[in-house]
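Okay, so here's the structure we're looking at.
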Amino acid sequence: MVKRFTEDSDLAPAYGSRTMDHAIPKYRLPDDEMPARTAYQLIHDELMLDGNARLNLATFVTTWMEPEAEKLMAETFDKNMIDKDEYPQTAEIETRCVNMLARLFNAHPDERPVGTSAIGSSEAVMLAGMALKWNWRKRRAKEGAPATTPNLVMGRSVQVVWEKFCRYWEVEPRYIPMRSDRYTLAPEEVLALVDENTIGVVTVLGTTFTGAFDPIAEINDALVEHNRKTGLQVPIHVDAASGGFVAPFLQPALLWDFRLPNVVSINTSGHKYGLVYPGVGWALWRGESYLPEELIFHVNYLGGDMPTFTLNFSRPGNQIIGQYYNLLRLGRAGYTQIMTNLRDTALWISESIARMGPFVLLSDGSSIPVFAMRLKDSSRFTVFDLSRQLRLRGWQVPAYTLPENATEVAVLRLVIREGFSHDMAELLMKDLKQAVTDLEQTPPAQKSGDDGHFHHN
């Protein structure tokens, strides 16, 4: 008996399927179903048009994890993080992660530090900002003063989520502009903007523009003295999205965390140098008194109390499991080794680039494995031309101008992540040198700008 080929036949070749002989609907639901293998192949083929994540030097987000971590995360895709009654052990693992990170950031147990997981640092920032505003409002009420015009002091180097927070929660953003010769905050600039309506000061441990650290200890000391003289209680939040999983291992003596008395909260990204696939972030407070009770909701599970403080509701618990795997698997020694390797690779690349001639380094990757560079004024092409040239070889290296007051500076930025070996660094340098040679030999007729159009010099 001859077996007839059908759409569901195991013997039917994928590209022999009737579904493959015509275009599928792109923006409406198909009329009929299709075999699982065909649906997979169609989507798989389309995704080949994306860039190679491992060659993406633009993103801070983790693009490689160990097979054991991937297996654990695949096994826990279906666990809903918010359902602490059904998945109490996942909730317990989240608590363990919070405790590990609180200790990593040198919180004192007597203050009873608290924290929560989040969908990346963006949600963690929103939670920390809400706590700053609620605490400020309570202080103003206690003083019998109005609480209608809150403001938040921060540099232009902050991530856009802080702008979102201010808009969504009706807080005036007081920005300290970036300068073309300095890319971090200065204490005197902070104090000039602080007043009785300031809910807090945001400092950054690893800016997305250059990877540099704000001088957090200096800002803390200046603000402590300012508070003493004025009677204010303006606190500091540290946005450690990029540096929170780097500084404790590479610069353990650096004062930026809860060892500083005026740092009341910290956020960090588990899916950046915490080495977990997106998305997981963490928000931590130095003590219970800094997280207003009215922001916390209480869930009863198994006869006990489970406090929760999130903006999202249902979300998968597998990122929490991935984070716990890394903390357990690597420990201090493992994280230190990985961050050391990444820093050394970043320093090797930045030093090699500095020796090439056309470039000026804005940072070198010594703070976190991230650095930025600009072209010398004499260059006949732009960083945007160079970014496009590198893309021809598959490398994704972002080019952009710095924020307000420094927009005349256009830079390239490289983020070195786990999975980027020294061998790959050598390949990158080879392609970068070739790209520079090609552009010098055949420069664009007109320099291209950051908007993708061409502009006359």
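Labeling convention for the structure tokens: chains A, B, ... as they appear, residues from 1 per chain, ligands from 1 in order of appearance.
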
Inset, instruction - Excluding A:Asp364 and residues on its chain fewer than 5 positions from it, collect all residues at most 9 Å away from it, counting only C-alpha atoms, and give them as a ChimeraX atom specification. - result: /A:210-211,346-347,349-351,369-373

Print the selection's residues with N, CA, C and O atoms to a file, as a compact mmCIF listing (two decimals), in the first residue's frame.
# COMPACT_ATOMS: atom_id res chain seq x y z
N THR A 210 28.83 56.40 28.03
CA THR A 210 30.28 56.17 28.04
C THR A 210 30.70 55.05 28.99
O THR A 210 31.86 54.65 28.97
N GLY A 211 29.79 54.56 29.85
CA GLY A 211 30.16 53.56 30.84
C GLY A 211 30.77 54.14 32.10
O GLY A 211 31.11 53.40 33.02
N ALA A 346 37.91 44.54 27.07
CA ALA A 346 37.53 45.92 26.72
C ALA A 346 38.76 46.83 26.71
O ALA A 346 38.92 47.66 25.80
N LEU A 347 39.64 46.69 27.69
CA LEU A 347 40.85 47.52 27.76
C LEU A 347 41.77 47.22 26.58
O LEU A 347 42.38 48.13 26.01
N ILE A 349 40.88 46.20 23.59
CA ILE A 349 40.29 46.80 22.39
C ILE A 349 40.48 48.32 22.41
O ILE A 349 40.90 48.92 21.41
N SER A 350 40.17 48.96 23.56
CA SER A 350 40.27 50.42 23.62
C SER A 350 41.71 50.89 23.44
O SER A 350 41.97 51.90 22.77
N GLU A 351 42.67 50.16 24.01
CA GLU A 351 44.08 50.53 23.83
C GLU A 351 44.51 50.35 22.38
O GLU A 351 45.27 51.16 21.84
N PRO A 369 32.87 47.10 31.42
CA PRO A 369 33.44 46.76 30.11
C PRO A 369 32.72 47.45 28.95
O PRO A 369 32.23 46.83 28.01
N VAL A 370 32.64 48.76 29.03
CA VAL A 370 31.97 49.60 28.04
C VAL A 370 32.84 50.82 27.80
O VAL A 370 33.37 51.40 28.75
N PHE A 371 32.99 51.22 26.55
CA PHE A 371 33.74 52.45 26.30
C PHE A 371 33.21 53.12 25.04
O PHE A 371 32.54 52.50 24.20
N ALA A 372 33.50 54.41 24.93
CA ALA A 372 33.05 55.21 23.79
C ALA A 372 34.24 55.95 23.20
O ALA A 372 35.23 56.23 23.89
N MET A 373 34.14 56.26 21.94
CA MET A 373 35.21 56.97 21.24
C MET A 373 34.61 57.88 20.18
O MET A 373 33.50 57.66 19.69

Using only C-alpha atoms, find each residue in stretch 310-413 of chain A having at least one atom no more than 7 Å away from stretch 89-102 of chain A; report its shortest atom-to-atom pair and that distance in Å (one decimal), rows by chain then rising number, as CSV.
residue,atom,partner,partner_atom,distance
A:Gly317,CA,A:Thr90,CA,6.9
A:Ile320,CA,A:Glu94,CA,6.2
A:Tyr324,CA,A:Cys97,CA,6.2

Once you have the residues from the selection above, write them out as a tab-separated table (two decimals), in the first residue's frame, restricted to all heavy atoms.
chain	number	residue	atom	x	y	z
A	317	GLY	N	8.43	33.26	35.95
A	317	GLY	CA	9.41	33.19	37.03
A	317	GLY	C	10.76	32.68	36.59
A	317	GLY	O	11.69	32.59	37.38
A	320	ILE	N	13.95	34.74	37.27
A	320	ILE	CA	14.40	34.68	38.66
A	320	ILE	C	15.23	33.41	38.87
A	320	ILE	O	16.28	33.44	39.53
A	320	ILE	CB	13.19	34.65	39.63
A	320	ILE	CG1	12.23	35.82	39.34
A	320	ILE	CG2	13.66	34.67	41.07
A	320	ILE	CD1	12.84	37.18	39.48
A	324	TYR	N	19.14	33.15	40.00
A	324	TYR	CA	19.58	32.34	41.15
A	324	TYR	C	20.63	31.33	40.71
A	324	TYR	O	21.61	31.07	41.43
A	324	TYR	CB	18.38	31.64	41.78
A	324	TYR	CG	18.69	30.87	43.04
A	324	TYR	CD1	19.23	31.52	44.14
A	324	TYR	CD2	18.45	29.50	43.12
A	324	TYR	CE1	19.53	30.82	45.31
A	324	TYR	CE2	18.74	28.80	44.28
A	324	TYR	CZ	19.28	29.46	45.37
A	324	TYR	OH	19.60	28.77	46.52

Legend entry - Selected residue, from A:Asp423, A:Leu412, A:Arg139, A:Ser387, that lies nearest to A:Gly231 when counting only C-alpha atoms: A:Arg139

Inset, instruction - Tell me which protein, DNA and RNA residues are within 8 Å of stretch 181-185 of chain A, counting only C-alpha atoms, leaving out same-chain ones fewer than 6 positions away, and put them as a list of chain:residue names. - result: A:Gly155, A:Ser157, A:Thr203, A:Thr210, A:Ala212, A:Phe213, A:Asp214, A:Pro215

Inset, instruction - Tell me, as an NGL selection string, which residues lie within 9 Å of A:Leu193, counting only C-alpha atoms; anything in the same chain fewer than 4 positions away does not count. - result: :A and (153 or 174-176 or 189 or 198)

Please save N, CA, C and O atoms of the selected residues as an mmCIF file, in the first residue's frame.
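The new file out29.cif reads:
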data_model
loop_
_atom_site.group_PDB
_atom_site.id
_atom_site.type_symbol
_atom_site.label_atom_id
_atom_site.label_comp_id
_atom_site.auth_asym_id
_atom_site.auth_seq_id
_atom_site.Cartn_x
_atom_site.Cartn_y
_atom_site.Cartn_z
ATOM 1 N N VAL A 153 16.380 65.527 40.911
ATOM 2 C CA VAL A 153 17.625 66.041 40.338
ATOM 3 C C VAL A 153 18.425 64.889 39.748
ATOM 4 O O VAL A 153 18.641 63.856 40.402
ATOM 5 N N ARG A 174 14.780 67.823 37.051
ATOM 6 C CA ARG A 174 15.783 68.888 37.046
ATOM 7 C C ARG A 174 17.096 68.281 36.540
ATOM 8 O O ARG A 174 17.796 67.596 37.272
ATOM 9 N N TYR A 175 17.368 68.537 35.271
ATOM 10 C CA TYR A 175 18.505 67.907 34.625
ATOM 11 C C TYR A 175 19.773 68.745 34.758
ATOM 12 O O TYR A 175 19.740 69.973 34.600
ATOM 13 N N ILE A 176 20.858 68.072 35.026
ATOM 14 C CA ILE A 176 22.174 68.680 34.966
ATOM 15 C C ILE A 176 22.747 68.348 33.601
ATOM 16 O O ILE A 176 22.925 67.168 33.268
ATOM 17 N N GLU A 189 27.083 70.915 41.134
ATOM 18 C CA GLU A 189 25.946 71.024 40.227
ATOM 19 C C GLU A 189 24.692 70.440 40.864
ATOM 20 O O GLU A 189 23.584 70.957 40.672
ATOM 21 N N THR A 198 12.721 68.632 46.516
ATOM 22 C CA THR A 198 13.475 67.581 45.843
ATOM 23 C C THR A 198 13.214 66.233 46.517
ATOM 24 O O THR A 198 13.509 66.055 47.697
#

Legend entry - Distance criterion (only C-alpha atoms): nearest to A:Thr230 out of A:Leu295, A:Val194, A:Leu205, A:Ala253: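 Ranked by minimum distance to A:Thr230, first place goes to A:Val194.
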
Find the spatial neighbours of A:Glu170, counting only C-alpha atoms, within a cut-off of 10 Å - ignore same-chain residues fewer than 3 positions away - and output them as a CSV table (one decimal) with N, CA, C and O atoms, in the first residue's frame.
chain,number,residue,atom,x,y,z
A,133,LYS,N,9.1,59.5,46.1
A,133,LYS,CA,8.0,60.5,46.1
A,133,LYS,C,7.1,60.3,47.3
A,133,LYS,O,6.8,61.3,48.0
A,148,THR,N,2.9,69.6,46.5
A,148,THR,CA,2.3,69.7,45.2
A,148,THR,C,3.3,69.9,44.0
A,148,THR,O,3.0,69.7,42.9
A,149,THR,N,4.6,70.2,44.4
A,149,THR,CA,5.6,70.5,43.3
A,149,THR,C,6.9,69.7,43.5
A,149,THR,O,8.0,70.2,43.6
A,150,PRO,N,6.8,68.3,43.5
A,150,PRO,CA,8.0,67.6,43.7
A,150,PRO,C,9.0,67.7,42.5
A,150,PRO,O,8.5,67.9,41.3
A,151,ASN,N,10.3,67.6,42.8
A,151,ASN,CA,11.2,67.6,41.7
A,151,ASN,C,12.3,66.5,41.9
A,151,ASN,O,12.5,66.0,43.1
A,164,LYS,N,10.5,59.1,31.8
A,164,LYS,CA,9.1,58.5,31.9
A,164,LYS,C,8.6,58.6,33.3
A,164,LYS,O,7.4,58.9,33.5
A,165,PHE,N,9.4,58.2,34.3
A,165,PHE,CA,8.9,58.3,35.6
A,165,PHE,C,8.4,59.7,36.0
A,165,PHE,O,7.3,59.8,36.5
A,166,CYS,N,9.2,60.7,35.7
A,166,CYS,CA,8.8,62.1,36.0
A,166,CYS,C,7.5,62.5,35.3
A,166,CYS,O,6.6,63.1,35.9
A,167,ARG,N,7.3,62.0,34.1
A,167,ARG,CA,6.1,62.4,33.4
A,167,ARG,C,4.9,61.6,33.9
A,167,ARG,O,3.8,62.2,34.1
A,173,PRO,N,11.5,67.1,36.4
A,173,PRO,CA,12.8,66.6,36.2
A,173,PRO,C,13.8,67.8,36.2
A,173,PRO,O,13.6,68.8,35.4

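Restricting the calculation to only C-alpha atoms, the smallest distance between A:Ile199 and any of A:Gly51, A:Gly129, A:Pro403, A:Pro278 is found for A:Gly129.
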
Set the distance at 12 Å and use only C-alpha atoms: which residues neighbour A:His226 once local chain neighbours fewer than 3 positions away are removed? I'd like the list as a short mmCIF file (atom, residue, chain, number, x, y, z; two decimals) with N, CA, C and O atoms, in the first residue's frame.
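Output contents, as saved in result36.cif:
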data_model
loop_
_atom_site.label_atom_id
_atom_site.label_comp_id
_atom_site.auth_asym_id
_atom_site.auth_seq_id
_atom_site.Cartn_x
_atom_site.Cartn_y
_atom_site.Cartn_z
N PRO A 187 29.39 67.37 42.32
CA PRO A 187 28.61 67.66 43.53
C PRO A 187 28.03 69.06 43.56
O PRO A 187 26.87 69.25 43.96
N GLU A 188 28.80 70.06 43.13
CA GLU A 188 28.31 71.44 43.20
C GLU A 188 27.12 71.65 42.27
O GLU A 188 26.22 72.46 42.56
N VAL A 190 24.86 69.36 41.60
CA VAL A 190 23.74 68.73 42.29
C VAL A 190 23.15 69.67 43.33
O VAL A 190 21.94 69.91 43.38
N LEU A 191 24.02 70.22 44.18
CA LEU A 191 23.55 71.09 45.26
C LEU A 191 22.85 72.33 44.74
O LEU A 191 21.92 72.84 45.38
N ALA A 192 23.26 72.81 43.57
CA ALA A 192 22.65 74.03 43.01
C ALA A 192 21.19 73.82 42.64
O ALA A 192 20.42 74.80 42.57
N LEU A 193 20.76 72.58 42.44
CA LEU A 193 19.38 72.31 42.01
C LEU A 193 18.49 71.75 43.12
O LEU A 193 17.29 71.62 42.95
N VAL A 194 19.08 71.41 44.25
CA VAL A 194 18.32 70.79 45.33
C VAL A 194 17.57 71.84 46.15
O VAL A 194 18.11 72.90 46.46
N ASP A 195 16.32 71.54 46.51
CA ASP A 195 15.57 72.40 47.42
C ASP A 195 14.60 71.55 48.24
O ASP A 195 14.67 70.32 48.22
N GLU A 196 13.69 72.21 48.94
CA GLU A 196 12.78 71.49 49.85
C GLU A 196 11.80 70.59 49.11
O GLU A 196 11.17 69.72 49.71
N ILE A 219 29.29 63.04 45.88
CA ILE A 219 27.94 63.62 45.90
C ILE A 219 27.27 63.32 47.24
O ILE A 219 26.59 64.18 47.82
N ASN A 220 27.44 62.10 47.75
CA ASN A 220 26.88 61.73 49.05
C ASN A 220 27.41 62.66 50.15
O ASN A 220 26.63 63.20 50.95
N ASP A 221 28.72 62.85 50.21
CA ASP A 221 29.31 63.69 51.26
C ASP A 221 28.80 65.12 51.17
O ASP A 221 28.48 65.74 52.19
N ALA A 222 28.73 65.64 49.94
CA ALA A 222 28.25 67.01 49.77
C ALA A 222 26.79 67.14 50.18
O ALA A 222 26.39 68.13 50.81
N LEU A 223 25.99 66.13 49.85
CA LEU A 223 24.56 66.19 50.16
C LEU A 223 24.31 65.99 51.66
O LEU A 223 23.41 66.63 52.23
N LYS A 229 23.11 71.37 57.06
CA LYS A 229 23.04 72.83 57.15
C LYS A 229 21.63 73.37 56.94
O LYS A 229 21.23 74.36 57.56
N THR A 230 20.88 72.74 56.04
CA THR A 230 19.57 73.26 55.64
C THR A 230 18.40 72.60 56.35
O THR A 230 17.27 73.11 56.30
N GLY A 231 18.65 71.46 56.99
CA GLY A 231 17.56 70.73 57.61
C GLY A 231 16.76 69.88 56.64
O GLY A 231 15.73 69.30 57.02
N LEU A 232 17.23 69.78 55.38
CA LEU A 232 16.54 68.94 54.40
C LEU A 232 16.88 67.47 54.62
O LEU A 232 17.80 67.14 55.37
N GLN A 233 16.15 66.60 53.94
CA GLN A 233 16.41 65.16 54.01
C GLN A 233 16.42 64.57 52.60
O GLN A 233 15.77 63.58 52.31
N VAL A 234 17.20 65.20 51.72
CA VAL A 234 17.25 64.77 50.32
C VAL A 234 18.12 63.51 50.20
O VAL A 234 19.31 63.55 50.52
N PRO A 235 17.55 62.39 49.76
CA PRO A 235 18.30 61.13 49.66
C PRO A 235 18.90 60.92 48.27
O PRO A 235 18.63 61.70 47.33
N ASN A 262 23.62 58.27 52.75
CA ASN A 262 22.50 58.93 52.08
C ASN A 262 21.95 58.14 50.90
O ASN A 262 21.02 58.57 50.26
#

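For the set A:Leu330, A:Ile119, A:Ala53, A:Met73, the residue with the smallest atom-to-atom gap to A:Asn312 is A:Ile119, counting only C-alpha atoms.
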
Inset, instruction - Could you check which of A:His108, A:Lys430, A:Arg417, A:Arg315 is closest to A:Phe258, using only C-alpha atoms? - result: A:His108

Legend entry - Shell of 7 Å around stretch 376-383 of chain A, only C-alpha atoms, local chain residues under 2 positions omitted, as a VMD selection string: chain A and resid 358 to 360 374 385 to 387 399 410 to 412 439 to 440 443 to 444 447 to 448

Written file, previous selection with N, CA, C and O atoms, as an mmCIF file, in the first residue's frame:
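What follows is the written file selection_25.cif:
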data_model
loop_
_atom_site.group_PDB
_atom_site.id
_atom_site.type_symbol
_atom_site.label_atom_id
_atom_site.label_comp_id
_atom_site.auth_asym_id
_atom_site.auth_seq_id
_atom_site.Cartn_x
_atom_site.Cartn_y
_atom_site.Cartn_z
ATOM 1 N N PRO A 358 43.020 57.600 14.279
ATOM 2 C CA PRO A 358 41.885 58.491 13.994
ATOM 3 C C PRO A 358 40.973 58.762 15.191
ATOM 4 O O PRO A 358 40.100 59.625 15.101
ATOM 5 N N PHE A 359 41.149 58.033 16.306
ATOM 6 C CA PHE A 359 40.156 58.057 17.370
ATOM 7 C C PHE A 359 40.639 58.757 18.630
ATOM 8 O O PHE A 359 41.834 58.784 18.938
ATOM 9 N N VAL A 360 39.669 59.295 19.380
ATOM 10 C CA VAL A 360 39.892 59.833 20.723
ATOM 11 C C VAL A 360 38.953 59.095 21.662
ATOM 12 O O VAL A 360 37.729 59.080 21.435
ATOM 13 N N ARG A 374 35.342 58.927 19.868
ATOM 14 C CA ARG A 374 34.952 59.817 18.778
ATOM 15 C C ARG A 374 36.093 59.881 17.774
ATOM 16 O O ARG A 374 37.226 59.456 18.057
ATOM 17 N N ASP A 385 29.243 56.849 9.339
ATOM 18 C CA ASP A 385 29.784 56.119 8.191
ATOM 19 C C ASP A 385 30.480 54.841 8.654
ATOM 20 O O ASP A 385 30.306 53.771 8.059
ATOM 21 N N LEU A 386 31.246 54.953 9.719
ATOM 22 C CA LEU A 386 32.006 53.810 10.212
ATOM 23 C C LEU A 386 31.079 52.735 10.764
ATOM 24 O O LEU A 386 31.305 51.536 10.552
ATOM 25 N N SER A 387 30.025 53.141 11.456
ATOM 26 C CA SER A 387 29.054 52.186 11.982
ATOM 27 C C SER A 387 28.422 51.392 10.848
ATOM 28 O O SER A 387 28.271 50.167 10.930
ATOM 29 N N ALA A 399 26.297 54.355 16.714
ATOM 30 C CA ALA A 399 26.839 55.711 16.622
ATOM 31 C C ALA A 399 25.731 56.685 17.009
ATOM 32 O O ALA A 399 24.584 56.514 16.602
ATOM 33 N N ALA A 410 29.901 63.342 18.520
ATOM 34 C CA ALA A 410 29.319 62.095 17.998
ATOM 35 C C ALA A 410 30.277 60.947 18.303
ATOM 36 O O ALA A 410 31.481 61.066 18.083
ATOM 37 N N VAL A 411 29.737 59.862 18.813
ATOM 38 C CA VAL A 411 30.588 58.790 19.316
ATOM 39 C C VAL A 411 30.140 57.425 18.804
ATOM 40 O O VAL A 411 29.004 57.242 18.352
ATOM 41 N N LEU A 412 31.065 56.474 18.899
ATOM 42 C CA LEU A 412 30.777 55.052 18.782
ATOM 43 C C LEU A 412 30.924 54.446 20.164
ATOM 44 O O LEU A 412 31.841 54.824 20.909
ATOM 45 N N LEU A 439 37.268 53.624 4.219
ATOM 46 C CA LEU A 439 36.665 54.961 4.257
ATOM 47 C C LEU A 439 37.694 56.050 3.991
ATOM 48 O O LEU A 439 37.366 57.094 3.413
ATOM 49 N N GLU A 440 38.939 55.835 4.397
ATOM 50 C CA GLU A 440 39.982 56.822 4.121
ATOM 51 C C GLU A 440 40.344 56.829 2.641
ATOM 52 O O GLU A 440 40.628 57.882 2.066
ATOM 53 N N PRO A 443 36.419 58.104 0.807
ATOM 54 C CA PRO A 443 35.522 58.738 1.782
ATOM 55 C C PRO A 443 34.189 59.104 1.147
ATOM 56 O O PRO A 443 34.105 59.296 -0.075
ATOM 57 N N PRO A 444 33.133 59.166 1.947
ATOM 58 C CA PRO A 444 31.845 59.611 1.420
ATOM 59 C C PRO A 444 31.970 61.001 0.821
ATOM 60 O O PRO A 444 32.748 61.835 1.295
ATOM 61 N N LYS A 447 29.730 64.109 4.389
ATOM 62 C CA LYS A 447 29.626 63.435 5.676
ATOM 63 C C LYS A 447 28.174 63.173 6.024
ATOM 64 O O LYS A 447 27.323 64.053 5.877
ATOM 65 N N SER A 448 27.887 61.995 6.478
ATOM 66 C CA SER A 448 26.515 61.623 6.835
ATOM 67 C C SER A 448 26.246 61.951 8.281
ATOM 68 O O SER A 448 27.107 61.787 9.147
#

Inset, instruction - Using DSSP on the backbone coordinates, identify all residues within stretch 243-323 of chain A classified as strand (DSSP E); present the result as a ChimeraX atom specification. - result: /A:263-269,281-285,297-301,304-308

Inset, instruction - Find the distance between atom CA of A:Thr442 and atom CA of A:Met356 and write it in Å to one decimal. - result: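 Answer for the atom CA of A:Thr442 to atom CA of A:Met356 separation: 18.2 Å.
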